[in-house]
Each structure stands twice: as C-alpha cells, then as structure tokens.
file start_38.cif (mmCIF, C-alpha atoms)
data_final
#
loop_
_atom_site.label_atom_id
_atom_site.label_comp_id
_atom_site.auth_asym_id
_atom_site.auth_seq_id
_atom_site.Cartn_x
_atom_site.Cartn_y
_atom_site.Cartn_z
CA ASN A 3 -3.83 46.60 -82.02
CA VAL A 4 -5.91 49.74 -81.38
CA ARG A 5 -4.88 51.61 -78.24
CA ARG A 6 -7.54 52.66 -75.75
CA ASN A 7 -6.91 56.39 -76.22
CA GLU A 8 -7.42 55.96 -79.99
CA VAL A 9 -10.92 54.45 -79.73
CA PRO A 10 -12.98 57.71 -79.48
CA ARG A 11 -11.26 59.35 -82.45
CA LEU A 12 -11.41 56.11 -84.43
CA LEU A 13 -15.16 55.76 -83.86
CA LEU A 14 -15.83 59.37 -84.86
CA ALA A 15 -13.55 59.16 -87.90
CA SER A 16 -15.12 55.85 -88.91
CA ALA A 17 -18.57 57.46 -88.85
CA VAL A 18 -17.31 60.27 -91.09
CA PHE A 19 -15.74 57.79 -93.52
CA PHE A 20 -18.87 55.60 -93.56
CA LEU A 21 -21.36 58.40 -94.21
CA ALA A 22 -19.12 60.13 -96.76
CA GLN A 23 -18.87 56.91 -98.73
CA VAL A 24 -22.64 56.39 -98.57
CA ASP A 25 -22.87 59.69 -100.43
CA ASP A 26 -20.12 58.57 -102.80
CA GLY A 27 -22.03 55.39 -103.64
CA ILE A 28 -25.26 57.28 -104.26
CA VAL A 29 -23.78 60.12 -106.31
CA LYS A 30 -21.55 58.06 -108.60
CA SER A 31 -24.38 55.62 -109.38
CA VAL A 32 -27.03 58.25 -110.06
CA SER A 33 -24.87 60.77 -111.93
CA SER A 34 -23.43 58.07 -114.21
CA ALA A 35 -26.85 56.62 -115.00
CA VAL A 36 -28.38 60.05 -115.68
CA PHE A 37 -25.53 61.06 -117.99
CA ASN A 38 -25.29 57.75 -119.84
CA VAL A 39 -29.01 57.67 -120.62
CA ARG A 40 -29.78 61.35 -121.18
CA ALA A 41 -26.51 62.51 -122.80
CA GLY A 42 -24.98 59.28 -124.15
CA VAL A 43 -21.92 57.15 -123.33
CA GLU A 44 -20.19 58.30 -126.52
CA LYS A 45 -19.59 61.66 -124.77
CA LEU A 46 -17.77 60.07 -121.83
CA PRO A 47 -14.22 60.53 -123.24
CA LEU A 48 -14.86 64.28 -123.49
CA MET A 49 -16.15 64.23 -119.90
CA TYR A 50 -13.03 62.41 -118.73
CA THR A 51 -10.93 65.13 -120.37
CA TRP A 52 -12.86 67.94 -118.69
CA ILE A 53 -12.81 66.16 -115.35
CA ALA A 54 -9.03 65.76 -115.59
CA VAL A 55 -8.53 69.44 -116.43
CA VAL A 56 -11.01 70.82 -113.87
CA PHE A 57 -9.77 68.58 -111.08
CA SER A 58 -6.09 69.33 -111.71
CA LEU A 59 -6.79 73.08 -111.70
CA SER A 60 -8.79 72.65 -108.50
CA MET A 61 -5.94 70.79 -106.83
CA ALA A 62 -3.43 73.45 -107.94
CA PHE A 63 -5.70 76.11 -106.42
CA LEU A 64 -6.04 74.10 -103.21
CA SER A 65 -2.28 73.61 -103.04
CA TRP A 66 -1.95 77.40 -103.15
CA LEU A 67 -4.62 77.73 -100.46
CA THR A 68 -2.77 75.43 -98.04
CA SER A 69 -0.25 78.20 -97.40
CA LYS A 70 -3.01 80.77 -96.87
CA VAL A 71 -5.67 78.96 -94.83
CA ALA A 72 -5.42 76.82 -91.69
CA ARG A 73 -5.86 73.10 -92.40
CA GLN A 74 -9.02 72.63 -90.32
CA ARG A 75 -10.75 75.62 -91.89
CA LEU A 76 -9.76 74.52 -95.40
CA LEU A 77 -10.95 70.94 -94.87
CA LEU A 78 -14.30 72.01 -93.47
CA GLY A 79 -14.73 74.65 -96.17
CA LEU A 80 -14.13 72.10 -98.93
CA MET A 81 -16.71 69.75 -97.47
CA VAL A 82 -19.21 72.61 -97.35
CA PHE A 83 -18.42 73.17 -101.05
CA VAL A 84 -19.14 69.50 -101.75
CA ALA A 85 -22.49 69.78 -99.96
CA SER A 86 -23.30 72.91 -102.00
CA VAL A 87 -22.55 71.14 -105.30
CA LEU A 88 -24.78 68.19 -104.38
CA THR A 89 -27.55 70.59 -103.37
CA ALA A 90 -27.29 72.49 -106.68
CA ASN A 91 -27.46 69.26 -108.67
CA ALA A 92 -30.44 68.02 -106.68
CA LEU A 93 -32.24 71.29 -107.44
CA LEU A 94 -31.35 71.04 -111.15
CA LEU A 95 -32.81 67.54 -111.36
CA LEU A 96 -35.88 68.63 -109.40
CA TYR A 97 -36.41 71.53 -111.81
CA GLU A 98 -36.16 69.20 -114.79
CA HIS A 99 -38.55 66.74 -113.16
CA ARG A 100 -41.18 69.45 -112.69
CA SER A 101 -40.53 71.48 -115.84
CA ALA A 102 -42.12 70.77 -119.18
CA VAL A 103 -39.16 72.37 -121.00
CA GLY A 104 -36.30 70.48 -119.33
CA LEU A 105 -32.70 71.48 -118.72
CA GLY A 106 -31.21 71.03 -122.16
CA MET A 107 -28.24 68.88 -123.15
CA GLN A 108 -25.66 71.33 -121.78
CA ALA A 109 -26.84 70.70 -118.21
CA TYR A 110 -25.82 67.03 -118.12
CA PRO A 111 -22.08 67.59 -118.62
CA PHE A 112 -22.20 70.11 -115.75
CA LEU A 113 -24.11 67.66 -113.58
CA PHE A 114 -21.68 64.82 -114.30
CA ILE A 115 -18.44 66.81 -114.03
CA SER A 116 -19.47 68.67 -110.88
CA SER A 117 -20.64 65.45 -109.22
CA GLU A 118 -17.36 63.70 -110.02
CA LEU A 119 -15.37 66.70 -108.80
CA ALA A 120 -17.39 66.92 -105.58
CA ARG A 121 -17.13 63.26 -104.63
CA THR A 122 -13.44 63.03 -105.59
CA LEU A 123 -12.61 66.08 -103.50
CA MET A 124 -14.60 64.59 -100.64
CA ASN A 125 -12.67 61.33 -100.81
CA PHE A 126 -9.30 63.07 -100.89
CA GLN A 127 -10.20 65.37 -98.00
CA ILE A 128 -11.37 62.65 -95.63
CA TRP A 129 -8.02 60.90 -96.11
CA ILE A 130 -6.24 64.15 -95.24
CA VAL A 131 -8.37 64.20 -92.10
CA ALA A 132 -7.24 60.63 -91.37
CA GLY A 133 -3.62 61.72 -91.73
CA GLY A 134 -4.22 64.56 -89.31
CA ILE A 135 -5.64 62.47 -86.47
CA CYS A 136 -2.99 59.75 -86.26
CA TYR A 137 0.79 59.57 -86.22
CA THR A 138 2.75 58.02 -89.09
CA SER A 139 3.75 55.06 -86.90
CA ARG A 140 0.06 54.23 -86.32
CA ALA A 141 -1.09 54.66 -89.93
CA LYS A 142 -0.65 50.98 -90.86
CA VAL A 143 -3.01 50.04 -88.00
CA LEU A 144 -5.65 52.76 -88.25
CA PHE A 145 -5.83 53.41 -92.00
CA PRO A 146 -7.05 49.88 -92.90
CA LEU A 147 -9.79 50.22 -90.25
CA LEU A 148 -10.89 53.55 -91.69
CA ALA A 149 -10.77 52.04 -95.17
CA SER A 150 -13.09 49.27 -93.95
CA SER A 151 -15.52 51.88 -92.61
CA ALA A 152 -15.44 53.61 -95.98
CA VAL A 153 -16.16 50.34 -97.77
CA LEU A 154 -19.16 49.67 -95.53
CA GLY A 155 -20.44 53.07 -96.62
CA ASP A 156 -19.90 52.13 -100.27
CA ILE A 157 -21.91 48.94 -99.73
CA ALA A 158 -24.72 50.85 -98.02
CA GLY A 159 -24.76 53.55 -100.71
CA GLY A 160 -24.73 51.06 -103.58
CA PHE A 161 -27.51 48.86 -102.28
CA THR A 162 -29.53 51.92 -101.24
CA VAL A 163 -29.48 53.06 -104.88
CA GLN A 164 -30.35 49.56 -106.09
CA LEU A 165 -33.36 49.38 -103.76
CA LEU A 166 -34.64 52.93 -104.28
CA SER A 167 -33.91 53.60 -107.97
CA GLY A 168 -37.10 51.88 -109.08
CA LEU A 169 -39.18 53.84 -106.57
CA PHE A 170 -37.77 57.37 -106.69
CA ALA A 171 -36.49 59.74 -109.36
CA ALA A 172 -32.87 60.89 -109.55
CA HIS A 173 -33.50 64.19 -107.75
CA VAL A 174 -34.84 62.35 -104.68
CA LEU A 175 -31.69 60.21 -104.48
CA TYR A 176 -29.56 63.35 -104.75
CA ALA A 177 -31.62 64.95 -101.98
CA LEU A 178 -30.90 61.90 -99.81
CA ALA A 179 -27.18 62.45 -100.43
CA VAL A 180 -27.52 66.11 -99.42
CA GLY A 181 -29.24 65.22 -96.14
CA ASN A 182 -26.54 62.68 -95.39
CA MET A 183 -23.86 65.29 -96.14
CA VAL A 184 -25.27 67.57 -93.45
CA VAL A 185 -24.61 64.84 -90.89
CA VAL A 186 -21.07 64.38 -92.27
CA LEU A 187 -20.36 68.10 -91.79
CA PHE A 188 -21.55 67.99 -88.18
CA LEU A 189 -19.41 64.96 -87.31
CA LEU A 190 -16.41 66.30 -89.22
CA ARG A 191 -16.51 69.54 -87.25
CA LEU A 192 -16.41 67.57 -83.99
CA LEU A 193 -13.52 65.43 -85.26
CA LEU A 194 -11.47 68.44 -86.35
CA ARG A 195 -12.03 70.33 -83.11
CA ARG A 196 -11.23 67.41 -80.79
CA TYR A 197 -8.55 65.33 -82.47
CA PHE A 198 -6.98 67.06 -85.46
CA VAL A 199 -3.36 67.99 -84.74
CA VAL A 200 -1.46 70.82 -86.42
CA GLN A 201 2.14 69.64 -86.50
CA ASP A 202 4.38 72.70 -86.07
CA GLU A 203 3.77 74.16 -89.50
CA SER A 204 3.38 77.74 -88.35
CA GLU A 205 1.48 79.66 -85.77
CA ASP A 206 -1.76 79.69 -87.76
CA GLY A 207 -1.48 76.10 -88.96
CA ALA A 208 -0.75 76.93 -92.61
CA GLY A 209 1.74 74.90 -94.65
CA ALA A 210 4.50 75.65 -97.14
CA SER A 211 3.85 77.84 -100.17
CA MET A 212 2.92 76.36 -103.53
CA GLY A 213 6.36 77.15 -104.94
CA GLU A 214 8.07 75.38 -102.03
CA ASN A 215 5.87 72.35 -102.49
CA ILE A 216 6.60 72.17 -106.24
CA ARG A 217 10.35 72.35 -105.57
CA PHE A 218 10.02 69.68 -102.88
CA PHE A 219 8.16 67.40 -105.30
CA VAL A 220 10.51 67.75 -108.30
CA ARG A 221 13.57 67.16 -106.10
CA SER A 222 12.22 63.91 -104.71
CA PRO A 223 12.83 60.81 -106.90
CA TYR A 224 10.59 58.90 -104.49
CA LEU A 225 7.60 61.18 -105.11
CA ILE A 226 8.22 61.35 -108.87
CA LEU A 227 8.18 57.54 -109.13
CA LEU A 228 5.02 57.37 -107.02
CA PHE A 229 3.49 60.01 -109.32
CA ILE A 230 4.35 58.09 -112.53
CA LEU A 231 2.89 54.87 -111.13
CA SER A 232 -0.28 56.71 -110.11
CA VAL A 233 -0.67 58.15 -113.63
CA ALA A 234 -0.48 54.67 -115.15
CA VAL A 235 -2.96 53.21 -112.67
CA PHE A 236 -5.45 56.04 -113.20
CA ALA A 237 -5.28 55.70 -116.99
CA LEU A 238 -6.03 51.96 -116.76
CA TYR A 239 -8.81 52.60 -114.26
CA THR A 240 -10.45 55.15 -116.60
CA ALA A 241 -10.28 52.88 -119.65
CA ILE A 242 -11.79 49.86 -117.87
CA HIS A 243 -14.52 51.97 -116.28
CA TYR A 244 -15.44 53.40 -119.70
CA GLY A 245 -15.92 49.88 -121.08
CA PHE A 246 -18.15 49.08 -118.13
CA ASN A 247 -20.33 52.14 -118.83
CA VAL A 248 -20.62 51.38 -122.55
CA LEU A 249 -21.59 47.73 -122.11
CA GLY A 250 -23.95 48.58 -119.27
CA ARG A 251 -25.76 51.07 -121.48
CA GLN A 252 -26.03 48.49 -124.27
CA HIS A 253 -27.64 45.92 -121.96
CA PHE A 254 -30.09 48.20 -120.12
CA SER A 255 -32.53 50.52 -121.80
CA THR A 256 -34.09 52.66 -119.03
CA GLU A 257 -32.52 55.03 -116.53
CA ALA A 258 -34.02 53.14 -113.58
CA GLU A 259 -32.54 49.84 -114.82
CA ILE A 260 -29.06 51.20 -115.38
CA THR A 261 -29.14 53.04 -112.02
CA GLU A 262 -30.11 49.78 -110.33
CA PHE A 263 -27.31 47.99 -112.18
CA PHE A 264 -24.76 50.55 -111.03
CA GLY A 265 -26.09 50.34 -107.47
CA LEU A 266 -25.73 46.55 -107.52
CA PHE A 267 -22.21 46.84 -108.91
CA PHE A 268 -21.03 49.32 -106.28
CA GLY A 269 -22.69 47.32 -103.51
CA LEU A 270 -20.99 44.07 -104.57
CA THR A 271 -17.73 45.91 -105.14
CA GLY A 272 -17.99 47.20 -101.59
CA ILE A 273 -18.45 43.68 -100.23
CA ALA A 274 -15.38 42.45 -102.14
CA THR A 275 -13.39 45.47 -101.00
CA LEU A 276 -14.48 44.94 -97.39
CA PHE A 277 -13.21 41.36 -97.53
CA VAL A 278 -9.84 42.52 -98.86
CA THR A 279 -9.41 45.41 -96.41
CA THR A 280 -10.57 43.37 -93.39
CA PHE A 281 -8.79 40.08 -93.95
CA LEU A 282 -6.04 40.68 -96.49
CA LEU A 283 -4.82 44.29 -96.54
CA GLN A 284 -2.67 44.29 -93.40
CA LEU A 285 -1.23 40.90 -94.39
CA LEU A 286 -0.45 42.23 -97.89
CA LEU A 287 1.22 45.36 -96.54
CA ARG A 288 3.38 43.27 -94.21
CA TRP A 289 4.08 40.38 -96.58
CA LEU A 290 4.66 42.25 -99.84
CA GLY A 291 5.82 45.50 -98.27
CA THR A 292 4.10 48.81 -98.97
CA ARG A 293 6.80 49.83 -101.46
CA ASN A 294 6.10 46.72 -103.60
CA ILE A 295 2.32 47.14 -103.79
CA TYR A 296 2.33 48.95 -107.14
CA LEU A 297 4.33 46.14 -108.77
CA TRP A 298 1.76 43.54 -107.76
CA VAL A 299 -1.10 45.84 -108.73
CA GLY A 300 0.41 46.03 -112.23
CA LEU A 301 0.42 42.24 -112.47
CA VAL A 302 -3.24 42.05 -111.45
CA TYR A 303 -4.14 44.69 -114.05
CA ALA A 304 -2.36 42.56 -116.67
CA LEU A 305 -4.60 39.64 -115.68
CA VAL A 306 -7.71 41.85 -115.92
CA ILE A 307 -6.74 42.99 -119.41
CA GLY A 308 -6.14 39.37 -120.41
CA LEU A 309 -9.59 38.40 -119.12
CA LEU A 310 -11.29 41.19 -121.08
CA LEU A 311 -9.40 40.43 -124.27
CA GLY A 312 -10.28 36.74 -123.94
CA ALA A 313 -13.98 37.54 -123.54
CA PHE A 314 -14.07 40.05 -126.40
CA GLU A 315 -12.30 37.65 -128.76
CA ASN A 316 -14.49 34.70 -127.69
CA ALA A 317 -11.39 32.86 -126.47
CA LEU A 318 -13.01 32.39 -123.05
CA PRO A 319 -16.53 31.00 -122.44
CA ILE A 320 -17.58 34.12 -120.50
CA PRO A 321 -20.34 36.59 -121.50
CA ILE A 322 -18.88 40.00 -122.24
CA ILE A 323 -21.10 41.74 -119.67
CA ALA A 324 -19.91 39.30 -116.98
CA ALA A 325 -16.27 39.80 -117.96
CA ILE A 326 -16.48 43.60 -117.82
CA PHE A 327 -18.43 43.40 -114.55
CA ALA A 328 -15.71 41.22 -113.00
CA GLY A 329 -12.90 43.29 -114.55
CA ASN A 330 -14.32 46.58 -113.30
CA LEU A 331 -14.98 45.03 -109.89
CA LEU A 332 -11.29 44.11 -109.63
CA ASN A 333 -10.48 47.59 -110.92
CA TYR A 334 -12.37 49.22 -108.05
CA VAL A 335 -11.19 46.74 -105.43
CA LEU A 336 -7.57 47.40 -106.35
CA LEU A 337 -8.08 51.17 -106.24
CA ASP A 338 -10.14 51.35 -103.04
CA SER A 339 -8.71 48.57 -100.89
CA VAL A 340 -5.07 48.31 -101.96
CA ILE A 341 -3.82 51.35 -103.88
CA ALA A 342 -5.56 54.08 -101.84
CA PRO A 343 -4.46 52.85 -98.37
CA ALA A 344 -0.93 52.09 -99.62
CA TYR A 345 -0.73 55.55 -101.21
CA GLN A 346 -1.86 57.16 -97.93
CA VAL A 347 0.85 55.30 -96.01
CA LEU A 348 3.51 56.24 -98.58
CA ILE A 349 2.49 59.91 -98.64
CA LYS A 350 2.71 60.05 -94.84
CA LEU A 351 6.50 60.00 -95.31
CA VAL A 352 6.30 63.58 -96.63
CA PRO A 353 7.15 66.15 -93.89
CA ALA A 354 4.10 67.75 -92.26
CA ARG A 355 4.95 71.22 -93.57
CA ASN A 356 4.79 70.04 -97.19
CA SER A 357 2.25 67.24 -96.79
CA ASP A 358 -1.06 68.78 -97.88
CA GLY A 359 0.29 71.04 -100.63
CA THR A 360 2.56 68.40 -102.16
CA ARG A 361 -0.12 65.72 -102.22
CA MET A 362 -2.56 68.13 -103.88
CA ILE A 363 0.02 68.90 -106.59
CA MET A 364 0.61 65.18 -107.11
CA GLU A 365 -3.06 64.22 -107.08
CA GLY A 366 -4.00 67.05 -109.41
CA GLY A 367 -1.15 66.06 -111.71
CA PHE A 368 -1.87 62.36 -111.93
CA MET A 369 -5.59 63.03 -112.27
CA LEU A 370 -4.76 65.33 -115.20
CA LEU A 371 -2.24 63.13 -117.01
CA GLY A 372 -3.92 59.83 -116.12
CA GLY A 373 -7.33 61.22 -117.02
CA LEU A 374 -6.09 62.57 -120.36
CA ALA A 375 -4.38 59.26 -121.13
CA GLY A 376 -7.56 57.37 -120.25
CA ALA A 377 -9.67 59.80 -122.28
CA GLY A 378 -7.37 59.32 -125.26
CA ILE A 379 -7.68 55.55 -125.06
CA THR A 380 -11.47 55.62 -124.69
CA SER A 381 -11.91 58.19 -127.49
CA LEU A 382 -10.51 55.63 -129.93
CA HIS A 383 -13.63 53.55 -129.27
CA ALA A 384 -16.05 56.47 -129.11
CA ASP A 385 -14.84 57.79 -132.46
CA GLY A 386 -15.55 54.47 -134.11
#
call {"tool": "encode", "arguments": {"input": "start_38.cif", "output": "structure tokens"}}
result
Amino acid sequence: NVRRNEVPRLLLASAVFFLAQVDDGIVKSVSSAVFNVRAGVEKLPLMYTWIAVVFSLSMAFLSWLTSKVARQRLLLGLMVFVASVLTANALLLLYEHRSAVGLGMQAYPFLFISSELARTLMNFQIWIVAGGICYTSRAKVLFPLLASSAVLGDIAGGFTVQLLSGLFAAHVLYALAVGNMVVVLFLLRLLLRRYFVVQDESEDGAGASMGENIRFFVRSPYLILLFILSVAVFALYTAIHYGFNVLGRQHFSTEAEITEFFGLFFGLTGIATLFVTTFLLQLLLRWLGTRNIYLWVGLVYALVIGLLLGAFENALPIPIIAAIFAGNLLNYVLLDSVIAPAYQVLIKLVPARNSDGTRMIMEGGFMLLGGLAGAGITSLHADG
C-alpha cells in the first residue's frame, strides 16, 4: 500500500527509526544493569519518582518552546541534546573505569535518570518526525512500517549488548551508542530538510503557545480520556518492569551477567514485537478499531497480572523468573507494538497548530502521574 513517491522518505525515516532504537536497546540495557548492580534495585522506586518529575518538567518546557522555535530546529536540537547526554555518561563511566577512586554513589542516579530521559525524549521525537513527514490519512499505512523498523533496531541493540557485554565494559557500550547517534543526527538532518512539512502554523513554523495548548487539552474530552488511559497503562508498565529488575538482580550476581540478561530480553522482545507489528498490527487496527485498542490492552494486562500472581503463589507450575520474563515481554510488546502506534494515530487527530505542544503536555503529564503511581506501587515492595 506504499505509494511510489513515499518510498524515499520511508527508507530514510526507517533508517532513523532503526538506528535510534539500536541506541535505545543499548542504553536501557547497560544503564539498568549498571544501576541495579552498583546502586541497588531497592532504589528504583525513588528513581522512578525522579524520572517522572524530571521528564514532566522537561515536556512542559518543550511545550513552551514549541511556540518559540521552529519544529525542525527544535527536533534536531533535542536529538543533539540526547547525543550530548550519552557522551557525558560514556565519559563518566570511562573515568570510573580508569580511576582508582571511582565516581561515588551519587553518580549512578544521575547516570540512570539522564539515560532514561535521553532515550525517552529520543523515542518521542522520532515519532513527531514521523507525524511531520506523512499525512493523517496515510498514518495507518506508514506508522506500522516505521514501528517495524524501530523494532528491528531494538532487536539489533539488544543482541548487540548480549554479545558484547562479556567482552567490553559499560563505557565501551555507551561509546558505541554515541557513535551510532552521530549517524542518526546526520540522517535526521537530511530527513527534516527534504521531507518534513510545516503545516500552516505560522510563518516561522512555530505552533500555538503553551497556554493555548493547555486550554485546548482541558476542553477536549477525547484527549482527557486518552490521557487517563495512558496514565493507567504507564503505572502498570512501571510496576511490572520493577518486578523484572528485582528478580533479575536476584538471579544474576555480576554486572556482565545481568547486562547480558537484559540484552537477551530486549532482543527477544524485539522479535516478538516485530511479529506483532508486521503481521498483526494493521489487522488489529482494522478489526478492533483504533479507538478500542486501550480496552483490549487492559484485558491483556489483566491476564499478565493473573499469570504473575499464579506464579508467585505457586498456583501455576511456572518458575517465577520465567513468569516475570514472559510478563514483562508482553508488557513491552503491548507498549511498543500496539499502544505506541495506536497513540500516534489517535494524536494525529489534533490540529497541526496544537499538535506538538499538546502532545508534550499530555506525555509529560501521564509520565508524571503514571510514574508516580508506579513508584508508589513499587515502593511498597522496596520498603519491605
């Protein structure tokens, strides 16, 4: 269903999505392993709280910037920021590797929070790029293809970490992510210059003010409902992922082993997500309807919770580590291959003038409230 004139932009955008997700797979595996081993999984609920606060403030700031800075310049600038954060973290880990003194415990929260902020911003921004290179009527065709490219990058990043974690230290893997990010920036600049369309927002390409976007959001029952559903999904995602980190740390003793485990998980998750996005996603969107996706996602989450409770209570003949592995795999597959593309299609219904600013308010808000809810749930376990 791809039109001939869409092929060049699709190929270039697919390359950006693929390489960005390679970095995502590397960074989330390495930063989680480093923090879990060197700082301790019991500190994760506090990290989730800080991540929620920092990210929501960042999105509020970016929403304000959308009315001040042209979209292309803002997108490219944010990706340069992501590259700078990865570079700083690579240098921190290199310093610790070569120093006899070390970084100290306060460095690991910074490393973890900044890495999560950088990769989350990167993921949100590449989807804004996707929205800027195709029309709303073509989103249901092109977005699943871009999602598949992103999943291939996740697979490559995960298995790269699994293969290299036993051979190289964490700073080398971060350096690999930095080098890859340089290529992403080059390709992204080409994509923005050739195919990104500014849709009659103003003469300089800036959008509505932050105040206008807030008023637009609170007056839209559609967006408020989408926001509430996103908060619930993110809280569940955080709680399940915390259990995965805790049980992974209990089963693996060294940083190399847990990094390899995370790499294997994200690689296999990518394969499962690729299957869903390639063979099932378009059928699901057409059969269930995009507006019904969140209802079915809730039912699947109920099954995941039932599986985990059955394993923990010994009601099912499944090892706990296998149950949490499978549960978290479904958690990621739902988020990456179903919820994210459906959300992108739904948010495309927002007028172009309000699109970027409103989505940043929403995403900052549900990251804050969902993250705090997830942190509250996980702190019950961490506190004993």
call {"tool": "residues_near_point", "arguments": {"input": "start_38.cif", "point": "(-7.6, 48.1, -90.7)", "cutoff": "10 Å", "atoms": "only C-alpha atoms", "output": "PyMOL selection string"}}
result
chain A and resi 3-4+141-151+279-284+343
call {"tool": "residues_around", "arguments": {"input": "start_38.cif", "residues": "Val82 in chain A", "least_positions_apart": "3", "cutoff": "12 Å", "atoms": "only C-alpha atoms", "output": "ChimeraX atom specification"}}
result
/A:75-79,85-89,120,123-124,127,180,183-188,190-191
call {"tool": "residues_around", "arguments": {"input": "start_38.cif", "residues": "Ile307 in chain A", "least_positions_apart": "2", "cutoff": "12 Å", "atoms": "all atoms listed in the file", "output": "number ranges by chain"}}
result
A: 238-239, 241-242, 245, 300-305, 309-314, 325-326, 328-330, 332-333
call {"tool": "closest_residue", "arguments": {"input": "start_38.cif", "among": "A:Leu318, A:Arg100, A:Ala72, A:Ile135", "to": "Pro10 in chain A", "atoms": "all atoms listed in the file"}}
result
A:Ile135
call {"tool": "resolve_selection", "arguments": {"input": "start_38.cif", "expression": "the PyMOL selection byres ((chain A and resi 297) around 12)", "output": "list in words"}}
result
Leu228, Leu231, Ser232, Ala234, Val235, Leu290, Gly291, Thr292, Arg293, Asn294, Ile295, Tyr296, Trp298, Val299, Gly300, Leu301, Val302, Tyr303, Ala304, Val340 and Ile341 of chain A
call {"tool": "write_last_selection", "arguments": {"input": "start_38.cif", "atoms": "C-alpha atoms", "output": "PDB file, in the coordinates of the input"}}
result
ATOM      1  CA  LEU A 228       5.020  57.370-107.020  1.00  0.00           C
ATOM      2  CA  LEU A 231       2.890  54.870-111.130  1.00  0.00           C
ATOM      3  CA  SER A 232      -0.280  56.710-110.110  1.00  0.00           C
ATOM      4  CA  ALA A 234      -0.480  54.670-115.150  1.00  0.00           C
ATOM      5  CA  VAL A 235      -2.960  53.210-112.670  1.00  0.00           C
ATOM      6  CA  LEU A 290       4.660  42.250 -99.840  1.00  0.00           C
ATOM      7  CA  GLY A 291       5.820  45.500 -98.270  1.00  0.00           C
ATOM      8  CA  THR A 292       4.100  48.810 -98.970  1.00  0.00           C
ATOM      9  CA  ARG A 293       6.800  49.830-101.460  1.00  0.00           C
ATOM     10  CA  ASN A 294       6.100  46.720-103.600  1.00  0.00           C
ATOM     11  CA  ILE A 295       2.320  47.140-103.790  1.00  0.00           C
ATOM     12  CA  TYR A 296       2.330  48.950-107.140  1.00  0.00           C
ATOM     13  CA  TRP A 298       1.760  43.540-107.760  1.00  0.00           C
ATOM     14  CA  VAL A 299      -1.100  45.840-108.730  1.00  0.00           C
ATOM     15  CA  GLY A 300       0.410  46.030-112.230  1.00  0.00           C
ATOM     16  CA  LEU A 301       0.420  42.240-112.470  1.00  0.00           C
ATOM     17  CA  VAL A 302      -3.240  42.050-111.450  1.00  0.00           C
ATOM     18  CA  TYR A 303      -4.140  44.690-114.050  1.00  0.00           C
ATOM     19  CA  ALA A 304      -2.360  42.560-116.670  1.00  0.00           C
ATOM     20  CA  VAL A 340      -5.070  48.310-101.960  1.00  0.00           C
ATOM     21  CA  ILE A 341      -3.820  51.350-103.880  1.00  0.00           C
TER      22      ILE A 341
END
call {"tool": "resolve_selection", "arguments": {"input": "start_38.cif", "expression": "the PyMOL selection byres ((chain A and resi 370) around 8)", "output": "number ranges by chain"}}
result
A: 54-55, 57-58, 366-369, 371-374
call {"tool": "residues_around", "arguments": {"input": "start_38.cif", "residues": "range 163-172 of chain A", "least_positions_apart": "2", "cutoff": "8 Å", "atoms": "all atoms listed in the file", "output": "PyMOL selection string"}}
result
chain A and resi 27-28+31-32+36+95+159-161+174-176+258-259+261-266
call {"tool": "atom_distance", "arguments": {"input": "start_38.cif", "atom1": "CA of Leu194 in chain A", "atom2": "CA of Ala15 in chain A"}}
result
9.6 Å
call {"tool": "axis_aligned_box", "arguments": {"input": "start_38.cif", "around": "range 316-329 of chain A", "padding_each_side": "6 Å", "output": "AutoDock Vina command-line options"}}
result
--center_x -16.2 --center_y 37.3 --center_z -120.3 --size_x 21.7 --size_y 24.6 --size_z 26.7
call {"tool": "atom_distance", "arguments": {"input": "start_38.cif", "atom1": "CA of Glu98 in chain A", "atom2": "CA of Tyr110 in chain A"}}
result
11.1 Å
call {"tool": "resolve_selection", "arguments": {"input": "start_38.cif", "expression": "the PyMOL selection byres ((chain A and resi 219) around 10)", "output": "tab-separated table (two decimals) with C-alpha atoms, in the coordinates of the input"}}
result
chain	number	residue	atom	x	y	z
A	213	GLY	CA	6.36	77.15	-104.94
A	214	GLU	CA	8.07	75.38	-102.03
A	215	ASN	CA	5.87	72.35	-102.49
A	216	ILE	CA	6.60	72.17	-106.24
A	217	ARG	CA	10.35	72.35	-105.57
A	218	PHE	CA	10.02	69.68	-102.88
A	220	VAL	CA	10.51	67.75	-108.30
A	221	ARG	CA	13.57	67.16	-106.10
A	222	SER	CA	12.22	63.91	-104.71
A	223	PRO	CA	12.83	60.81	-106.90
A	224	TYR	CA	10.59	58.90	-104.49
A	225	LEU	CA	7.60	61.18	-105.11
A	226	ILE	CA	8.22	61.35	-108.87
A	229	PHE	CA	3.49	60.01	-109.32
A	352	VAL	CA	6.30	63.58	-96.63
A	356	ASN	CA	4.79	70.04	-97.19
A	359	GLY	CA	0.29	71.04	-100.63
A	360	THR	CA	2.56	68.40	-102.16
A	361	ARG	CA	-0.12	65.72	-102.22
A	363	ILE	CA	0.02	68.90	-106.59
A	364	MET	CA	0.61	65.18	-107.11
call {"tool": "decode", "arguments": {"input": "start_38.cif", "residues": "range 288-315 of chain A", "atoms": "C-alpha atoms", "output": "PDB file, in the first residue's frame"}}
result
ATOM      1  CA  ARG A 288      -8.807  -2.506  11.302  1.00  0.00           C
ATOM      2  CA  TRP A 289     -10.586  -5.316  13.153  1.00  0.00           C
ATOM      3  CA  LEU A 290     -10.776  -3.853  16.662  1.00  0.00           C
ATOM      4  CA  GLY A 291     -10.695  -0.209  15.623  1.00  0.00           C
ATOM      5  CA  THR A 292      -8.043   2.195  16.895  1.00  0.00           C
ATOM      6  CA  ARG A 293     -10.448   3.674  19.458  1.00  0.00           C
ATOM      7  CA  ASN A 294     -10.964   0.229  21.074  1.00  0.00           C
ATOM      8  CA  ILE A 295      -7.279  -0.670  21.413  1.00  0.00           C
ATOM      9  CA  TYR A 296      -6.958   0.532  25.010  1.00  0.00           C
ATOM     10  CA  LEU A 297      -9.878  -1.662  26.110  1.00  0.00           C
ATOM     11  CA  TRP A 298      -8.221  -4.793  24.749  1.00  0.00           C
ATOM     12  CA  VAL A 299      -4.853  -3.747  26.151  1.00  0.00           C
ATOM     13  CA  GLY A 300      -6.476  -3.577  29.593  1.00  0.00           C
ATOM     14  CA  LEU A 301      -7.743  -7.140  29.211  1.00  0.00           C
ATOM     15  CA  VAL A 302      -4.275  -8.384  28.253  1.00  0.00           C
ATOM     16  CA  TYR A 303      -2.771  -6.613  31.280  1.00  0.00           C
ATOM     17  CA  ALA A 304      -5.342  -8.392  33.467  1.00  0.00           C
ATOM     18  CA  LEU A 305      -4.095 -11.715  32.062  1.00  0.00           C
ATOM     19  CA  VAL A 306      -0.461 -10.719  32.738  1.00  0.00           C
ATOM     20  CA  ILE A 307      -1.273  -9.850  36.345  1.00  0.00           C
ATOM     21  CA  GLY A 308      -3.090 -13.174  36.721  1.00  0.00           C
ATOM     22  CA  LEU A 309      -0.055 -15.035  35.362  1.00  0.00           C
ATOM     23  CA  LEU A 310       2.303 -13.291  37.795  1.00  0.00           C
ATOM     24  CA  LEU A 311       0.033 -13.843  40.778  1.00  0.00           C
ATOM     25  CA  GLY A 312      -0.311 -17.523  39.864  1.00  0.00           C
ATOM     26  CA  ALA A 313       3.470 -17.946  39.683  1.00  0.00           C
ATOM     27  CA  PHE A 314       4.152 -16.063  42.921  1.00  0.00           C
ATOM     28  CA  GLU A 315       1.515 -18.058  44.813  1.00  0.00           C
TER      29      GLU A 315
END
